[in-house]
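Participant: Just dropping this structure here.
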Amino acid sequence: MAHRRLRRRLALAVPVVLSLTASLGFLPGAASAAPRTATTAQTAEGQELAYVVNTRTDRHTLSTVRQAIAAAGGTIVVTYDKIGVIVAHSANPDFARTLRAVRGVQSAGATRTAPLTAAGTTDEGAAQYLTKAEAAKITKSSATADGSEPLEADQWDLRAIGADKAAKINPGSRNVTVAVIDTGVDDTHPDLAPNFSAAQSANCVGGKADTAYGAWRPAKPEHYHGTHVAGEIAAARNGIGVAGVAPNVKVSAIKVADPVNELFYPESVVCAFVFAADHGVEITNNSYYVDPWLYNCMDDPDQRAIVDAVNRAQLYAQRKGTLNVASAGNSNDDLDSHALVDDSSPDDSTAVTRTVDPHECFDVPTQLPGVVTVSATGVTNAKSYYSSYGDGVIDVAGPGGDKYQIPDTPSKNGRILSTMPNDQYGFLQGTSMASPHVAGVAALLKSAHPWATPAQLQALLKAQADNPGCPTAPYDGNGDGVVDATCVGGKRVNGFYGFGVVNALRAVK
């Protein structure tokens, strides 16, 4: 299947994140969110939908709601007791409405608009696979640098944030794991195998974790996104191919992409955050938005339930010590505006054009409280032409690539070179690529400060970042003579870079 078109991700200023938490008021106390034993739903092609039912977490309420689900014609897939999220399937068109009337149910809604059948990413444009001729040229150039990986001469992104020098000081701790919540990871790749953690990997498609060996791998070779992201974070310095930002930390894979349409449905993402938290993952990378809605508006009961369910899961992960990092989006939108056009939702059926206020309609998980929102830069440290931005919205920036910012490398390719399935390498650009650079630096910070909480890690990320400041000339990302964006803010914090571009060398020092 051809790779899906890029997904636009949007973010939110801290005050709005706080208001989101307050407006939902669903911070269930939790020590463990291990799922209960669940029945397996029998899907009826063209009829059943998947739902999330969000409840109070006391035993009596959960029991009552489970009975109500059965009475309404639903089948439970999994129940996450400690966060009060139940994933269910039903062919009853009034299922969600019926459940919302049940005492103890705080929100309930469909997680898709198309019936169940037998995930989205934020890379900009199709992948460019590295040819043998290009690899030979890069390898020859890399050989002139002492201790360089064979393809490192083309990794301008590592040098841009000092990751090449940082690796000589502290390449990261084996006690730190970054989970790639994505399309799956090809852990057999020689650059990933040395650092891969199978014990912290799973297939969460459908909402219930499958830990069978290899279940975390991509469904198809063209589902390369997660493998590319994993290499950016933790490709080993082993004399093969490329290097990651944190080449000695562990990386795991939590697959959430539907094997048919590559959509990232809410129940799969809920499962991923809970699984990561319960398996000791320190950092998650989230280079996607939760389908089928680019924005989930709180006045829509289905979309509200999606926000509620995923937020419960990611807050649970934070409470268990997991920092969640997410990409900001590739639409070059000012995310501090009050009116944005969404013409891509729902993306699992027929999209409709609607104007939304991102202060009231949330992109998930980026706009959820405590999530690190990342914009993208190119080799010149300028904002990437596609990257979304917004004063008070972006936390930090990282190299995501830019075809208009040309590096002095053997390939002269401004995109990011990393691992691909089946032992290959390729170039991608997008905020999808910026987020794993930040996750890698966060892993280095966690290695240096093992007792740091997620909030403290986010503060450290901001403290060590280098801020280029707003450009002095009008921003014209693609060079067509038209002003493409306006940067608001000062040298310390601004809409293009947040607190600045992350710095791996400073992180390890």
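In the structure tokens, chains take letters A, B, ... by order of appearance, with residues numbered from 1 within each chain and ligands from 1 in the order shown.
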Do you know which residues are at most 9 Å from stretch 126-140 of chain A counting only C-alpha atoms, after dropping those on the same chain fewer than 6 positions away, and could you put them as a VMD selection string?
Facilitator: chain A and resid 3 to 6 149 to 154 224 241 409 to 411 417 420 424 to 429
Participant: Using C-alpha atoms, can you export the residues from the last selection as a PDB file, in the first residue's frame?
Facilitator:
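After the write, part_30.pdb holds the following:
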```pdb
ATOM      1  CA  HIS A   3       2.355   5.465   2.127  1.00  0.00           C
ATOM      2  CA  ARG A   4      -0.423   7.700   3.389  1.00  0.00           C
ATOM      3  CA  ARG A   5      -0.199  11.459   2.906  1.00  0.00           C
ATOM      4  CA  LEU A   6       1.254  13.452   5.754  1.00  0.00           C
ATOM      5  CA  GLU A 149      29.541   5.327  11.382  1.00  0.00           C
ATOM      6  CA  PRO A 150      29.640   4.413   7.662  1.00  0.00           C
ATOM      7  CA  LEU A 151      26.715   6.670   6.718  1.00  0.00           C
ATOM      8  CA  GLU A 152      27.237   9.358   9.343  1.00  0.00           C
ATOM      9  CA  ALA A 153      28.664  11.898   6.905  1.00  0.00           C
ATOM     10  CA  ASP A 154      25.090  12.402   5.723  1.00  0.00           C
ATOM     11  CA  TYR A 224       8.446   2.084   7.441  1.00  0.00           C
ATOM     12  CA  GLY A 241      24.983   2.289   8.795  1.00  0.00           C
ATOM     13  CA  THR A 409      26.890  16.479   2.870  1.00  0.00           C
ATOM     14  CA  PRO A 410      27.770  13.856   0.231  1.00  0.00           C
ATOM     15  CA  SER A 411      24.126  13.478  -0.822  1.00  0.00           C
ATOM     16  CA  LEU A 417      18.654   9.677   6.983  1.00  0.00           C
ATOM     17  CA  MET A 420      14.155   1.358   7.089  1.00  0.00           C
ATOM     18  CA  GLN A 424      17.598  -0.566   4.265  1.00  0.00           C
ATOM     19  CA  TYR A 425      18.122   3.157   4.845  1.00  0.00           C
ATOM     20  CA  GLY A 426      16.174   6.143   3.614  1.00  0.00           C
ATOM     21  CA  PHE A 427      15.464   9.865   3.889  1.00  0.00           C
ATOM     22  CA  LEU A 428      12.310  11.367   5.403  1.00  0.00           C
ATOM     23  CA  GLN A 429      11.388  14.850   6.582  1.00  0.00           C
TER      24      GLN A 429
END
```
Participant: Which neighbours of stretch 289-299 of chain A fall inside 10 Å, counting only C-alpha atoms, when residues of the same chain fewer than 6 positions from it are skipped, and could you give them as a ChimeraX atom specification?
Facilitator: /A:7-10,20,23-24,111-114,119-122,256,262-269,305-308,310,326-329,340,342-349,351,356-367
Participant: DSSP on the backbone, then: every residue of stretch 336-476 of chain A marked strand (DSSP E), written as a VMD selection string.
Facilitator: chain A and resid 340 to 345 352 to 356 361 to 362 372 to 377 396 to 399 416 to 420 424 to 428
Participant: Would you mind exporting the chosen residues as a CSV table (one decimal), in the first residue's frame, restricted to N, CA, C and O atoms?
Facilitator:
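Output saved as selection22.csv:
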```csv
chain,number,residue,atom,x,y,z
A,340,LEU,N,-8.9,27.5,12.4
A,340,LEU,CA,-8.1,26.7,11.5
A,340,LEU,C,-9.1,25.8,10.7
A,340,LEU,O,-10.1,25.4,11.2
A,341,VAL,N,-8.8,25.6,9.5
A,341,VAL,CA,-9.6,24.8,8.6
A,341,VAL,C,-9.2,23.4,8.6
A,341,VAL,O,-8.0,23.1,8.4
A,342,ASP,N,-10.1,22.5,9.0
A,342,ASP,CA,-9.8,21.0,9.0
A,342,ASP,C,-10.6,20.4,7.8
A,342,ASP,O,-11.9,20.3,8.0
A,343,ASP,N,-10.0,20.0,6.8
A,343,ASP,CA,-10.7,19.4,5.6
A,343,ASP,C,-10.4,18.0,5.5
A,343,ASP,O,-10.7,17.4,4.4
A,344,SER,N,-9.8,17.4,6.5
A,344,SER,CA,-9.3,16.0,6.4
A,344,SER,C,-10.0,15.0,7.3
A,344,SER,O,-9.7,13.8,7.3
A,345,SER,N,-10.9,15.5,8.1
A,345,SER,CA,-11.6,14.6,9.1
A,345,SER,C,-13.1,14.4,8.8
A,345,SER,O,-13.7,15.4,8.3
A,352,VAL,N,-15.2,16.0,5.9
A,352,VAL,CA,-16.0,17.3,5.7
A,352,VAL,C,-15.1,18.4,6.1
A,352,VAL,O,-14.2,18.3,6.9
A,353,THR,N,-15.4,19.6,5.5
A,353,THR,CA,-14.6,20.8,5.8
A,353,THR,C,-15.3,21.5,7.0
A,353,THR,O,-16.5,21.8,7.0
A,354,ARG,N,-14.5,21.8,8.0
A,354,ARG,CA,-15.0,22.5,9.1
A,354,ARG,C,-13.9,23.5,9.7
A,354,ARG,O,-12.7,23.2,9.5
A,355,THR,N,-14.4,24.6,10.2
A,355,THR,CA,-13.4,25.5,10.9
A,355,THR,C,-13.5,25.3,12.4
A,355,THR,O,-14.5,25.3,13.0
A,356,VAL,N,-12.3,25.1,13.0
A,356,VAL,CA,-12.2,24.8,14.4
A,356,VAL,C,-11.3,25.7,15.1
A,356,VAL,O,-10.4,26.3,14.5
A,361,CYS,N,-10.9,22.6,20.3
A,361,CYS,CA,-10.9,21.3,19.6
A,361,CYS,C,-9.5,20.8,19.5
A,361,CYS,O,-8.6,21.4,19.0
A,362,PHE,N,-9.2,19.6,20.2
A,362,PHE,CA,-7.9,19.2,20.5
A,362,PHE,C,-7.3,18.1,19.6
A,362,PHE,O,-8.0,17.1,19.3
A,372,VAL,N,5.3,16.8,25.6
A,372,VAL,CA,6.3,17.8,25.0
A,372,VAL,C,5.9,17.9,23.5
A,372,VAL,O,6.0,17.0,22.7
A,373,THR,N,5.6,19.2,23.0
A,373,THR,CA,5.3,19.4,21.7
A,373,THR,C,6.5,20.0,20.9
A,373,THR,O,7.1,20.9,21.3
A,374,VAL,N,6.8,19.3,19.7
A,374,VAL,CA,8.1,19.6,19.0
A,374,VAL,C,7.8,20.1,17.6
A,374,VAL,O,7.1,19.5,16.8
A,375,SER,N,8.5,21.2,17.3
A,375,SER,CA,8.5,21.7,15.9
A,375,SER,C,9.8,21.3,15.3
A,375,SER,O,10.7,20.8,15.9
A,376,ALA,N,9.9,21.5,13.9
A,376,ALA,CA,11.0,21.0,13.2
A,376,ALA,C,11.9,22.1,12.6
A,376,ALA,O,11.4,23.2,12.2
A,377,THR,N,13.2,21.8,12.5
A,377,THR,CA,14.1,22.7,11.8
A,377,THR,C,14.9,21.9,10.8
A,377,THR,O,15.0,20.7,10.7
A,396,VAL,N,9.8,22.8,22.4
A,396,VAL,CA,11.1,22.8,21.9
A,396,VAL,C,11.1,22.4,20.5
A,396,VAL,O,10.1,21.9,19.9
A,397,ALA,N,12.3,22.5,19.8
A,397,ALA,CA,12.4,22.2,18.4
A,397,ALA,C,13.5,21.1,18.2
A,397,ALA,O,14.4,21.0,19.1
A,398,GLY,N,13.5,20.4,17.1
A,398,GLY,CA,14.5,19.5,16.8
A,398,GLY,C,14.7,19.3,15.3
A,398,GLY,O,13.7,19.7,14.5
A,399,PRO,N,15.8,18.8,14.8
A,399,PRO,CA,16.0,18.6,13.4
A,399,PRO,C,14.9,17.6,12.8
A,399,PRO,O,14.8,16.5,13.2
A,416,ILE,N,16.2,13.7,6.7
A,416,ILE,CA,16.8,12.9,7.7
A,416,ILE,C,17.1,11.5,7.3
A,416,ILE,O,16.1,10.8,6.8
A,417,LEU,N,18.3,11.0,7.4
A,417,LEU,CA,18.7,9.7,7.0
A,417,LEU,C,18.5,8.8,8.2
A,417,LEU,O,19.1,9.1,9.3
A,418,SER,N,17.8,7.7,8.0
A,418,SER,CA,17.7,6.7,9.1
A,418,SER,C,17.4,5.3,8.6
A,418,SER,O,17.3,5.1,7.4
A,419,THR,N,17.1,4.4,9.5
A,419,THR,CA,16.8,3.0,9.2
A,419,THR,C,15.5,2.8,8.6
A,419,THR,O,14.5,3.5,8.9
A,420,MET,N,15.4,1.8,7.7
A,420,MET,CA,14.2,1.4,7.1
A,420,MET,C,14.1,-0.2,7.2
A,420,MET,O,15.1,-0.9,7.4
A,424,GLN,N,17.4,-1.7,5.2
A,424,GLN,CA,17.6,-0.6,4.3
A,424,GLN,C,17.7,0.7,5.0
A,424,GLN,O,17.5,0.8,6.3
A,425,TYR,N,18.0,1.8,4.3
A,425,TYR,CA,18.1,3.2,4.8
A,425,TYR,C,17.4,4.1,3.9
A,425,TYR,O,17.3,3.8,2.7
A,426,GLY,N,16.9,5.2,4.5
A,426,GLY,CA,16.2,6.1,3.6
A,426,GLY,C,16.0,7.5,4.3
A,426,GLY,O,16.3,7.7,5.5
A,427,PHE,N,15.6,8.5,3.4
A,427,PHE,CA,15.5,9.9,3.9
A,427,PHE,C,14.0,10.2,4.1
A,427,PHE,O,13.2,9.8,3.2
A,428,LEU,N,13.6,10.8,5.2
A,428,LEU,CA,12.3,11.4,5.4
A,428,LEU,C,12.4,12.7,6.0
A,428,LEU,O,13.5,13.1,6.6
```
Participant: Write out as a PyMOL selection string all residues of stretch 275-503 of chain A that backbone DSSP assigns to alpha helix (DSSP H).
Facilitator: chain A and resi 275-278+301-319+431-448+454-463
Participant: Counting only C-alpha atoms, which of A:Gly440, A:Gly206, A:Gly104, A:Pro259 gets nearest to A:Ala166?
Facilitator: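 Nearest to A:Ala166: A:Gly440.
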Participant: To one decimal place in Å, what is the distance between atom CA of A:Val371 and atom CA of A:Gln314?
Facilitator: 8.5 Å
Participant: Quick one, how far is atom CA of A:Val87 from atom CA of A:Ala179?
Facilitator: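 Separation between atom CA of A:Val87 and atom CA of A:Ala179: 22.5 Å.
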Participant: Which one of A:Asp187, A:Asp300, A:Asp210, A:Glu232 sits closest to A:Ala253 if you count only C-alpha atoms?
Facilitator: A:Asp187
Participant: What's around A:Thr380 at 12 Å? Count only C-alpha atoms, leave out sequence neighbours fewer than 4 positions away in its own chain, and write the answer as a PyMOL selection string.
Facilitator: chain A and resi 156-157+159-161+376+384-385+398-408+414+468+471+477+501
Participant: What's the separation between atom CA of A:Ile69 and atom CA of A:Arg304, in Å to one decimal place?
Facilitator: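 One can read the atom CA of A:Ile69 to atom CA of A:Arg304 distance as 19.0 Å.
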Participant: Any idea what's packed within 10 Å of A:Phe499, counting only C-alpha atoms, ignoring anything in its chain fewer than 2 positions away? Could you give it as a list of chain:residue names?
Facilitator: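 Contacts, in chain order: A:Gly392, A:Ile394, A:Asp395, A:Val396, A:Ala397, A:Ala459, A:Leu461, A:Lys462, A:Ala463, A:Gln464, A:Ala465, A:Asp466, A:Asn467, A:Pro468, A:Gly469, A:Gly490, A:Lys491, A:Arg492, A:Val493, A:Asn494, A:Gly495, A:Phe496, A:Tyr497, A:Val501, A:Val502.
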Participant: So, counting only C-alpha atoms, which residue among A:Gly147, A:Pro190, A:Pro93, A:Pro171 is closest to A:Leu445?
Facilitator: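 Going through A:Gly147, A:Pro190, A:Pro93, A:Pro171 one by one, the smallest distance to A:Leu445 is for A:Pro171.
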Participant: Tell me, as an MDAnalysis selection string, which residues lie within 10 Å of A:Pro436, counting only C-alpha atoms; anything in the same chain fewer than 5 positions away does not count.
Facilitator: chainID A and resid 178 180 228:234 244:245 284:287 325:327 374 398:400 431 441:442
Participant: Write out the residues from the selection above, keeping C-alpha atoms, as an mmCIF file, in the first residue's frame.
Facilitator:
```cif
data_model
loop_
_atom_site.group_PDB
_atom_site.id
_atom_site.type_symbol
_atom_site.label_atom_id
_atom_site.label_comp_id
_atom_site.auth_asym_id
_atom_site.auth_seq_id
_atom_site.Cartn_x
_atom_site.Cartn_y
_atom_site.Cartn_z
ATOM 1 C CA VAL A 178 12.309 4.923 24.573
ATOM 2 C CA VAL A 180 8.214 4.125 19.639
ATOM 3 C CA HIS A 228 12.849 5.212 10.682
ATOM 4 C CA VAL A 229 11.882 6.904 13.955
ATOM 5 C CA ALA A 230 13.541 4.167 16.039
ATOM 6 C CA GLY A 231 16.839 4.597 14.191
ATOM 7 C CA GLU A 232 16.861 8.329 14.802
ATOM 8 C CA ILE A 233 16.559 7.681 18.523
ATOM 9 C CA ALA A 234 18.815 4.711 19.157
ATOM 10 C CA GLY A 244 21.063 7.488 16.739
ATOM 11 C CA VAL A 245 20.939 10.505 19.033
ATOM 12 C CA THR A 284 7.504 7.517 24.527
ATOM 13 C CA ASN A 285 7.773 9.039 21.064
ATOM 14 C CA ASN A 286 4.495 9.942 19.361
ATOM 15 C CA SER A 287 4.899 11.036 15.731
ATOM 16 C CA VAL A 325 7.078 13.493 23.380
ATOM 17 C CA ALA A 326 4.983 14.349 20.284
ATOM 18 C CA SER A 327 5.343 16.034 16.898
ATOM 19 C CA VAL A 374 8.062 19.577 19.041
ATOM 20 C CA GLY A 398 14.523 19.461 16.795
ATOM 21 C CA PRO A 399 15.968 18.576 13.381
ATOM 22 C CA GLY A 400 13.169 17.321 11.151
ATOM 23 C CA THR A 431 7.902 16.881 12.517
ATOM 24 C CA VAL A 441 17.963 14.013 23.949
ATOM 25 C CA ALA A 442 15.393 13.353 26.684
#
```
Participant: Looking at only C-alpha atoms, which of A:Ala485, A:Leu460, A:Val105, A:Leu323 is the one that sits closest to A:Ala382?
Facilitator: A:Ala485
Participant: Skipping near chain neighbours, those fewer than 3 positions away, what residues fall within 6 Å of A:Val53 using only C-alpha atoms, listed as a ChimeraX atom specification?
Facilitator: /A:85-86,108
Participant: Could you check which of A:Ala110, A:Leu315, A:Ala167, A:Val102 is closest to A:Gln303, using only C-alpha atoms?
Facilitator: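 Comparing A:Ala110, A:Leu315, A:Ala167, A:Val102 against A:Gln303, the winner is A:Ala110.
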Participant: Using only C-alpha atoms, which residue out of A:Asn170, A:Ser435, A:Ser388, A:Thr453 lies closest to A:Lys509?
Facilitator: A:Asn170
